[in-house]
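This is coords.txt. It holds compact mmCIF, C-alpha atoms.
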# COMPACT_ATOMS: atom_id res chain seq x y z
CA MET A 8 9.86 -9.28 5.31
CA ASP A 9 7.47 -6.38 5.89
CA LEU A 10 5.67 -5.70 2.63
CA GLY A 11 4.12 -2.61 4.11
CA CYS A 12 0.92 -1.23 2.77
CA CYS A 13 -0.32 -1.37 -0.81
CA GLY A 14 -0.92 1.48 -3.20
CA VAL A 15 -4.19 0.99 -5.03
CA CYS A 16 -5.86 2.45 -8.05
CA VAL A 17 -9.32 1.33 -9.06
CA SER A 18 -11.01 2.41 -12.24
CA ILE A 19 -14.56 1.99 -13.50
CA ARG A 20 -15.17 2.11 -17.23
CA LEU A 21 -17.75 1.42 -19.90
CA ARG A 22 -16.52 -1.21 -22.33
CA ALA A 23 -17.63 -1.66 -25.90
CA SER A 24 -19.37 -4.83 -27.03
CA GLY A 25 -17.04 -7.73 -27.52
CA HIS A 26 -14.31 -6.45 -25.17
CA LEU A 27 -13.22 -8.22 -22.05
CA GLY A 28 -15.75 -7.17 -19.49
CA TRP A 29 -14.67 -7.92 -15.93
CA GLN A 30 -10.98 -7.68 -15.12
CA SER A 31 -9.16 -7.82 -11.82
CA TRP A 32 -5.44 -7.30 -12.27
CA LEU A 33 -2.96 -7.92 -9.49
CA VAL A 34 0.43 -6.30 -9.96
CA GLY A 35 3.20 -8.19 -8.22
CA PHE A 36 6.24 -6.72 -9.93
CA PRO A 37 6.41 -4.19 -12.78
CA SER A 38 7.02 -6.94 -15.32
CA CYS A 39 4.68 -9.53 -13.84
CA TRP A 40 0.93 -9.17 -14.39
CA VAL A 41 -1.63 -11.70 -13.24
CA GLY A 42 -5.15 -11.27 -14.50
CA VAL A 43 -8.55 -12.84 -14.40
CA CYS A 44 -11.16 -11.91 -16.95
CA SER A 45 -14.38 -13.12 -18.48
CA PHE A 46 -16.09 -12.28 -21.75
CA LEU A 47 -18.79 -9.67 -21.59
CA CYS A 48 -21.13 -8.30 -24.25
CA GLY A 49 -22.30 -4.72 -24.15
CA PRO A 50 -21.03 -1.37 -22.88
CA ARG A 51 -19.53 -1.34 -19.41
CA PRO A 52 -17.91 1.32 -17.16
CA ASN A 53 -14.81 0.76 -15.05
CA PRO A 54 -13.64 1.87 -11.58
CA ILE A 55 -9.84 1.87 -10.99
CA LEU A 56 -8.26 1.29 -7.58
CA ILE A 57 -4.73 2.49 -6.91
CA ASN A 58 -3.35 1.78 -3.42
CA TYR A 59 -0.35 1.00 -1.28
CA SER A 60 0.02 -2.35 0.51
CA HIS A 61 -3.12 -2.82 2.64
CA ARG A 62 -3.68 -6.29 1.10
CA ARG A 63 -5.93 -4.28 -3.16
CA THR A 64 -5.97 -1.69 -6.33
CA PHE A 65 -2.53 0.47 -6.56
CA ALA A 66 -1.32 0.24 -2.86
CA PRO A 67 -0.89 -2.17 0.24
CA ASN A 68 -4.43 -2.19 1.53
CA THR A 69 -5.38 -2.32 -2.14
CA TRP A 70 -3.11 -5.25 -2.88
CA PHE A 71 -5.31 -7.32 -0.60
CA SER A 72 -8.60 -5.61 -1.45
CA PHE A 73 -9.69 -8.42 -3.76
CA GLN A 74 -9.03 -11.17 -1.25
CA GLU A 75 -11.93 -12.77 0.64
CA ASN A 76 -13.86 -10.03 2.49
CA GLY A 77 -11.69 -7.36 0.82
CA TRP A 78 -13.10 -3.89 0.14
CA GLY A 79 -12.37 -4.14 -3.59
CA ALA A 80 -14.21 -7.46 -3.82
CA SER A 81 -17.17 -5.99 -1.93
CA LEU A 82 -17.44 -3.06 -4.36
CA ALA A 83 -17.03 -5.35 -7.37
CA HIS A 84 -19.92 -7.45 -6.05
CA ARG A 85 -22.14 -4.37 -5.64
CA LEU A 86 -21.31 -3.13 -9.13
CA ALA A 87 -21.58 -6.51 -10.87
CA ARG A 88 -23.12 -6.21 -14.35
CA ARG A 89 -22.80 -2.44 -14.20
CA CYS A 90 -19.07 -1.72 -14.00
CA ASP A 91 -15.68 -3.36 -14.32
CA ILE A 92 -13.38 -2.95 -11.33
CA LEU A 93 -9.69 -2.80 -12.27
CA ASN A 94 -7.30 -3.48 -9.40
CA ARG A 95 -3.79 -2.01 -9.51
CA GLY A 96 -2.35 -2.87 -6.10
CA LEU A 97 1.39 -2.72 -5.43
CA SER A 98 2.49 -4.18 -2.12
CA GLY A 99 4.99 -2.06 -0.21
CA TYR A 100 5.04 0.82 -2.71
CA ASN A 101 5.13 4.49 -1.76
CA THR A 102 4.09 7.55 -3.78
CA ARG A 103 7.65 8.12 -5.04
CA TRP A 104 7.56 4.80 -6.87
CA ALA A 105 3.86 4.93 -7.71
CA LYS A 106 4.07 8.15 -9.69
CA LEU A 107 6.77 6.56 -11.85
CA VAL A 108 4.78 3.43 -12.73
CA LEU A 109 1.34 5.07 -12.98
CA PRO A 110 1.70 5.74 -16.75
CA ARG A 111 2.31 2.00 -17.22
CA LEU A 112 -0.91 1.20 -15.39
CA ILE A 113 -3.20 3.88 -16.83
CA GLY A 114 -2.23 5.23 -20.25
CA LYS A 115 -3.72 7.41 -22.91
CA ASP A 116 -5.41 4.34 -24.36
CA SER A 117 -7.19 3.57 -21.06
CA ASP A 118 -10.64 4.62 -22.31
CA ALA A 119 -10.78 7.64 -20.01
CA GLU A 120 -14.15 8.72 -21.36
CA ASN A 121 -15.72 5.63 -19.82
CA THR A 122 -13.79 5.76 -16.56
CA ILE A 123 -16.21 6.58 -13.78
CA ALA A 124 -13.88 6.72 -10.78
CA VAL A 125 -10.26 6.27 -9.73
CA THR A 126 -9.19 5.80 -6.11
CA ILE A 127 -5.67 6.65 -4.92
CA PHE A 128 -4.77 5.17 -1.53
CA PHE A 129 -1.24 5.89 -0.23
CA GLY A 130 0.50 7.09 2.90
CA ALA A 131 1.18 4.21 5.28
CA ASN A 132 4.51 3.40 3.60
CA ASP A 133 5.48 7.00 2.89
CA GLY A 134 5.05 7.72 6.60
CA ALA A 135 7.43 4.97 7.73
CA LEU A 136 10.11 6.30 10.09
CA LYS A 137 13.16 7.38 8.07
CA GLU A 138 15.69 6.26 10.67
CA VAL A 139 14.18 2.76 10.89
CA ASN A 140 12.76 2.21 7.39
CA PRO A 141 14.52 4.56 4.92
CA LYS A 142 13.60 2.41 1.91
CA GLN A 143 9.86 3.12 2.10
CA HIS A 144 9.96 6.53 3.80
CA VAL A 145 9.01 9.59 1.75
CA PRO A 146 9.18 13.08 3.32
CA LEU A 147 5.80 14.68 3.99
CA ASP A 148 6.15 17.52 1.47
CA GLU A 149 7.26 15.12 -1.26
CA TYR A 150 4.33 12.82 -0.44
CA ALA A 151 1.90 15.69 -1.03
CA ASP A 152 3.67 16.68 -4.25
CA ASN A 153 3.59 13.08 -5.49
CA LEU A 154 -0.17 12.88 -4.92
CA LYS A 155 -0.61 16.11 -6.87
CA ASN A 156 1.65 14.72 -9.60
CA MET A 157 -0.53 11.61 -9.93
CA ILE A 158 -3.69 13.70 -10.06
CA GLN A 159 -2.17 15.93 -12.75
CA TYR A 160 -1.11 12.88 -14.74
CA LEU A 161 -4.61 11.42 -14.61
CA LYS A 162 -5.99 14.76 -15.79
CA SER A 163 -3.49 14.70 -18.68
CA VAL A 164 -5.04 11.43 -19.89
CA ASP A 165 -8.53 12.97 -19.59
CA ILE A 166 -9.52 11.58 -16.19
CA ALA A 167 -10.89 14.71 -14.55
CA GLU A 168 -10.54 15.56 -10.86
CA ASP A 169 -14.24 14.90 -10.25
CA LYS A 170 -13.54 11.22 -11.06
CA ILE A 171 -10.67 10.92 -8.56
CA ILE A 172 -11.10 9.79 -4.94
CA LEU A 173 -8.17 10.03 -2.53
CA VAL A 174 -8.08 7.75 0.51
CA THR A 175 -5.88 8.60 3.48
CA PRO A 176 -3.87 5.92 5.25
CA PRO A 177 -5.74 4.26 8.11
CA PRO A 178 -4.51 4.84 11.66
CA LEU A 179 -1.73 2.70 13.05
CA HIS A 180 -2.42 0.63 16.16
CA GLU A 181 1.10 0.86 17.52
CA THR A 182 0.87 -1.86 20.18
CA SER A 183 -0.29 -4.45 17.67
CA TRP A 184 2.14 -3.41 14.94
CA GLU A 185 5.08 -3.31 17.34
CA LYS A 186 4.42 -6.96 18.17
CA GLU A 187 4.62 -7.76 14.46
CA CYS A 188 7.88 -5.85 14.12
CA ILE A 189 9.46 -7.50 17.18
CA ALA A 190 8.47 -10.94 15.87
CA LYS A 191 10.55 -10.14 12.77
CA GLY A 192 13.48 -8.91 14.84
CA GLU A 193 12.80 -5.29 13.95
CA LYS A 194 12.01 -2.05 15.77
CA LEU A 195 8.65 -0.30 15.56
CA ASN A 196 8.92 1.43 12.17
CA ARG A 197 5.80 3.63 12.15
CA LEU A 198 3.97 5.92 14.58
CA ASN A 199 0.29 6.80 14.48
CA ILE A 200 0.92 10.50 15.06
CA ILE A 201 3.17 10.58 11.99
CA THR A 202 0.64 8.62 9.93
CA GLY A 203 -1.87 11.30 10.94
CA GLU A 204 0.32 14.02 9.43
CA TYR A 205 0.29 12.17 6.11
CA ALA A 206 -3.49 11.76 6.35
CA LYS A 207 -3.88 15.51 6.90
CA ALA A 208 -1.63 16.21 3.92
CA CYS A 209 -3.76 13.88 1.77
CA VAL A 210 -6.94 15.70 2.81
CA LYS A 211 -5.31 19.05 1.96
CA VAL A 212 -4.21 17.83 -1.47
CA ALA A 213 -7.79 16.73 -2.18
CA GLY A 214 -9.05 20.18 -1.21
CA ASP A 215 -6.42 21.96 -3.29
CA CYS A 216 -7.02 19.76 -6.34
CA GLY A 217 -10.81 19.48 -6.13
CA THR A 218 -11.05 15.71 -5.66
CA ASP A 219 -13.16 13.68 -3.25
CA VAL A 220 -11.38 12.25 -0.22
CA ILE A 221 -12.08 9.67 2.47
CA ASP A 222 -10.23 10.51 5.67
CA LEU A 223 -9.86 6.94 6.83
CA TRP A 224 -7.37 7.91 9.55
CA THR A 225 -9.92 10.16 11.28
CA LEU A 226 -13.05 8.11 10.61
CA ILE A 227 -11.69 4.85 12.01
CA GLN A 228 -10.50 6.55 15.19
CA GLU A 229 -14.00 7.78 15.97
CA ASN A 230 -14.20 4.33 17.56
CA LYS A 231 -11.94 4.63 20.62
CA ASP A 232 -10.82 1.01 20.33
CA PHE A 233 -10.07 0.89 16.61
CA SER A 234 -7.85 -2.20 16.76
CA CYS A 235 -10.71 -4.32 15.40
CA TYR A 236 -10.37 -2.49 12.06
CA LEU A 237 -6.78 -3.68 11.61
CA SER A 238 -5.56 -7.26 11.27
CA ASP A 239 -2.05 -6.60 12.58
CA GLY A 240 -2.09 -2.94 13.57
CA LEU A 241 -1.30 -1.77 10.02
CA HIS A 242 -3.37 -3.68 7.46
CA LEU A 243 -7.16 -3.64 7.29
CA SER A 244 -9.06 -6.51 8.91
CA THR A 245 -12.37 -7.82 7.61
CA GLU A 246 -14.13 -5.14 9.66
CA GLY A 247 -11.76 -2.50 8.32
CA ASN A 248 -12.34 -3.62 4.74
CA ASN A 249 -16.11 -3.48 5.27
CA PHE A 250 -15.80 -0.01 6.77
CA LEU A 251 -13.79 1.34 3.83
CA ALA A 252 -16.24 -0.19 1.35
CA SER A 253 -19.12 1.46 3.22
CA GLN A 254 -17.38 4.84 3.00
CA LEU A 255 -16.59 4.49 -0.70
CA TRP A 256 -19.99 3.17 -1.71
CA PRO A 257 -21.97 6.46 -1.51
CA LEU A 258 -19.38 8.14 -3.76
CA LEU A 259 -19.48 5.31 -6.28
CA GLU A 260 -23.24 4.86 -6.08
CA ARG A 261 -23.69 8.51 -7.01
CA ARG A 262 -21.54 7.97 -10.08
CA THR A 263 -23.11 4.65 -11.13
CA SER A 264 -26.78 4.83 -10.10
CA THR A 265 -28.01 5.59 -13.62
CA LEU A 266 -26.03 2.85 -15.33
CA PRO A 267 -28.12 0.03 -16.77
CA VAL A 268 -27.77 -3.57 -15.65
CA LEU A 269 -26.07 -5.51 -18.42
CA LEU A 270 -27.99 -8.45 -19.87
CA PRO A 271 -31.34 -9.62 -18.50
CA TYR A 272 -31.97 -11.60 -15.32
CA TRP A 273 -32.00 -15.29 -16.19
CA ARG A 274 -35.72 -15.69 -15.44
CA ASP A 275 -36.43 -12.99 -18.02
CA VAL A 276 -34.62 -14.80 -20.83
CA ASP A 277 -36.94 -16.36 -23.41
CA HIS A 278 -35.65 -19.93 -23.43
CA LEU A 279 -37.47 -20.62 -26.69
CA ASN A 280 -35.78 -17.69 -28.38
CA PRO A 281 -32.69 -16.69 -26.35
CA GLU A 282 -31.29 -14.73 -29.30
CA ALA A 283 -34.11 -12.21 -28.92
CA SER A 284 -33.43 -11.74 -25.22
CA LEU A 285 -29.65 -11.77 -25.28
CA LEU A 286 -28.71 -10.47 -28.72
CA GLY A 287 -31.79 -8.50 -29.71
CA LYS A 288 -32.24 -10.71 -32.78
CA PRO A 289 -35.73 -11.67 -33.95
CA CYS A 290 -36.60 -15.33 -34.37
CA ASN A 291 -36.17 -16.52 -37.96
Encoded form (structure tokens):
Amino acid sequence: MDLGCCGVCVSIRLRASGHLGWQSWLVGFPSCWVGVCSFLCGPRPNPILINYSHRRTFAPNTWFSFQENGWGASLAHRLARRCDILNRGLSGYNTRWAKLVLPRLIGKDSDAENTIAVTIFFGANDGALKEVNPKQHVPLDEYADNLKNMIQYLKSVDIAEDKIILVTPPPLHETSWEKECIAKGEKLNRLNIITGEYAKACVKVAGDCGTDVIDLWTLIQENKDFSCYLSDGLHLSTEGNNFLASQLWPLLERRTSTLPVLLPYWRDVDHLNPEASLLGKPCN
């Protein structure tokens, strides 16, 4: 079964002392949450990833973004001990479904004040051909309206537009993806020219709403043979994941460069009085 691309939302927040520090949540089904977390002392910001099914955050390429060599994992590594990365990836989802579940993923109690960035990464499923894949297809105008709806919702829970980063769908390598479809006994269910229309709509929404945007569809195709960026013609390969991380990093670095590193480097801990180094307590 074609899971399509993932919708991904990633958020970066500051957490108060004693809260769970690092969390990476994978959303399989609305009622099924799988999480990994570790205890962290001290304040800590969070980035939130929301994508469609490109393997995760709140989308397909987000669903897989925390796998080995994934773009979410790469950013989490770079921001270790500065920010928490929250992954909200939903394999196969489109914007019509995403806007409905977004309030379940990011609510009014989501510590918006300490959210540094949210990425929204949809379009590859919305742009599926209606006559071949009506379940995932969303008309272009509705896709744009759904993105605006999600942005407005985030603003309603005090996540301002300057914290939101839209990511367009990547290009489709039709020859490679058609092979995948045929292997499943299906027809080619997407076209790159159509995906491009959704990418342009995403860029326009960002301009209208005042958010940052990464035009992945255009950037990847600056390389004439862009097949290396895609594992199967649709989902990001290791090279594609690295490319997206490299595009996101300047935007996140600008937002996180002044954040302190949490807890001292191990060589700087006073082993004779660790309480002083780690808890700020004087030796009795």
(message) One number please: atom CA of A:Val125 to atom CA of A:Ser253, in Å, one decimal.
(response)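 Result for atom CA of A:Val125 versus atom CA of A:Ser253: 16.4 Å, one decimal.
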Which polymer residues have any atom within 10 Å of an atom of stretch 143-157 of chain A, counting all atoms listed in the file, with same-chain residues fewer than 5 positions away left out, as a short mmCIF file (atom, residue, chain, number, x, y, z; two decimals) with C-alpha atoms, in the frame of the given file?
data_model
loop_
_atom_site.label_atom_id
_atom_site.label_comp_id
_atom_site.auth_asym_id
_atom_site.auth_seq_id
_atom_site.Cartn_x
_atom_site.Cartn_y
_atom_site.Cartn_z
CA LEU A 10 5.67 -5.70 2.63
CA GLY A 11 4.12 -2.61 4.11
CA CYS A 12 0.92 -1.23 2.77
CA GLY A 99 4.99 -2.06 -0.21
CA TYR A 100 5.04 0.82 -2.71
CA ASN A 101 5.13 4.49 -1.76
CA THR A 102 4.09 7.55 -3.78
CA ARG A 103 7.65 8.12 -5.04
CA TRP A 104 7.56 4.80 -6.87
CA ALA A 105 3.86 4.93 -7.71
CA LYS A 106 4.07 8.15 -9.69
CA LEU A 107 6.77 6.56 -11.85
CA LEU A 109 1.34 5.07 -12.98
CA PRO A 110 1.70 5.74 -16.75
CA ILE A 127 -5.67 6.65 -4.92
CA PHE A 128 -4.77 5.17 -1.53
CA PHE A 129 -1.24 5.89 -0.23
CA GLY A 130 0.50 7.09 2.90
CA ALA A 131 1.18 4.21 5.28
CA ASN A 132 4.51 3.40 3.60
CA ASP A 133 5.48 7.00 2.89
CA GLY A 134 5.05 7.72 6.60
CA ALA A 135 7.43 4.97 7.73
CA LEU A 136 10.11 6.30 10.09
CA LYS A 137 13.16 7.38 8.07
CA GLU A 138 15.69 6.26 10.67
CA LYS A 162 -5.99 14.76 -15.79
CA SER A 163 -3.49 14.70 -18.68
CA LEU A 173 -8.17 10.03 -2.53
CA ASN A 196 8.92 1.43 12.17
CA ARG A 197 5.80 3.63 12.15
CA ILE A 201 3.17 10.58 11.99
CA THR A 202 0.64 8.62 9.93
CA GLU A 204 0.32 14.02 9.43
CA TYR A 205 0.29 12.17 6.11
CA ALA A 206 -3.49 11.76 6.35
CA LYS A 207 -3.88 15.51 6.90
CA ALA A 208 -1.63 16.21 3.92
CA CYS A 209 -3.76 13.88 1.77
CA VAL A 210 -6.94 15.70 2.81
CA LYS A 211 -5.31 19.05 1.96
CA VAL A 212 -4.21 17.83 -1.47
CA ALA A 213 -7.79 16.73 -2.18
CA ASP A 215 -6.42 21.96 -3.29
CA CYS A 216 -7.02 19.76 -6.34
#
(request) Quote the spacing between atom CA of A:Ala252 and atom CA of A:Gly79 in Å to one decimal place. (result)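 The value is 7.4 Å.
Between atom CA of A:Pro178 and atom CA of A:Gly247 there is a distance of 10.8 Å.
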(request) Counting all atoms listed in the file, figure out which residue out of A:Leu226, A:Ala119, A:Leu82, A:Leu195 gets nearest to A:Ile166. (result)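 That would be A:Ala119, the residue with the smallest distance to A:Ile166.
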Could you list, as a tab-separated table (two decimals) with C-alpha atoms, keeping the file's coordinate frame, every residue within 7 Å of A:Trp224, counting only C-alpha atoms and ignoring same-chain residues fewer than 3 positions away?
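Below is the file that was written, part_7.tsv:
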chain	number	residue	atom	x	y	z
A	175	THR	CA	-5.88	8.60	3.48
A	176	PRO	CA	-3.87	5.92	5.25
A	177	PRO	CA	-5.74	4.26	8.11
A	178	PRO	CA	-4.51	4.84	11.66
A	203	GLY	CA	-1.87	11.30	10.94
A	206	ALA	CA	-3.49	11.76	6.35
A	227	ILE	CA	-11.69	4.85	12.01
A	228	GLN	CA	-10.50	6.55	15.19
(request) Just the residues within 8 Å of A:Ser234, please, counting all atoms listed in the file, with nothing from its chain fewer than 3 positions along; format it as a VMD selection string. (result) chain A and resid 180 183 237 to 238 240
(request) Measuring atom to atom with all atoms listed in the file, identify which of A:Cys188, A:Leu251, A:Leu285, A:Ala167 is nearest to A:Ser81. (result)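 Once distances to A:Ser81 are computed over all atoms listed in the file, the minimum belongs to A:Leu251.
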(message) List the spatial neighbours of A:Thr265 as number ranges by chain - criterion: any atom at most 12 Å away, only C-alpha atoms, same-chain residues fewer than 2 positions off excluded.
(response) A: 52, 86, 89-90, 123, 259-263, 267-268
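Restricting the calculation to all atoms listed in the file, the smallest distance between A:Arg88 and any of A:Asp219, A:Pro271, A:Ser244, A:Asn199 is found for A:Pro271.
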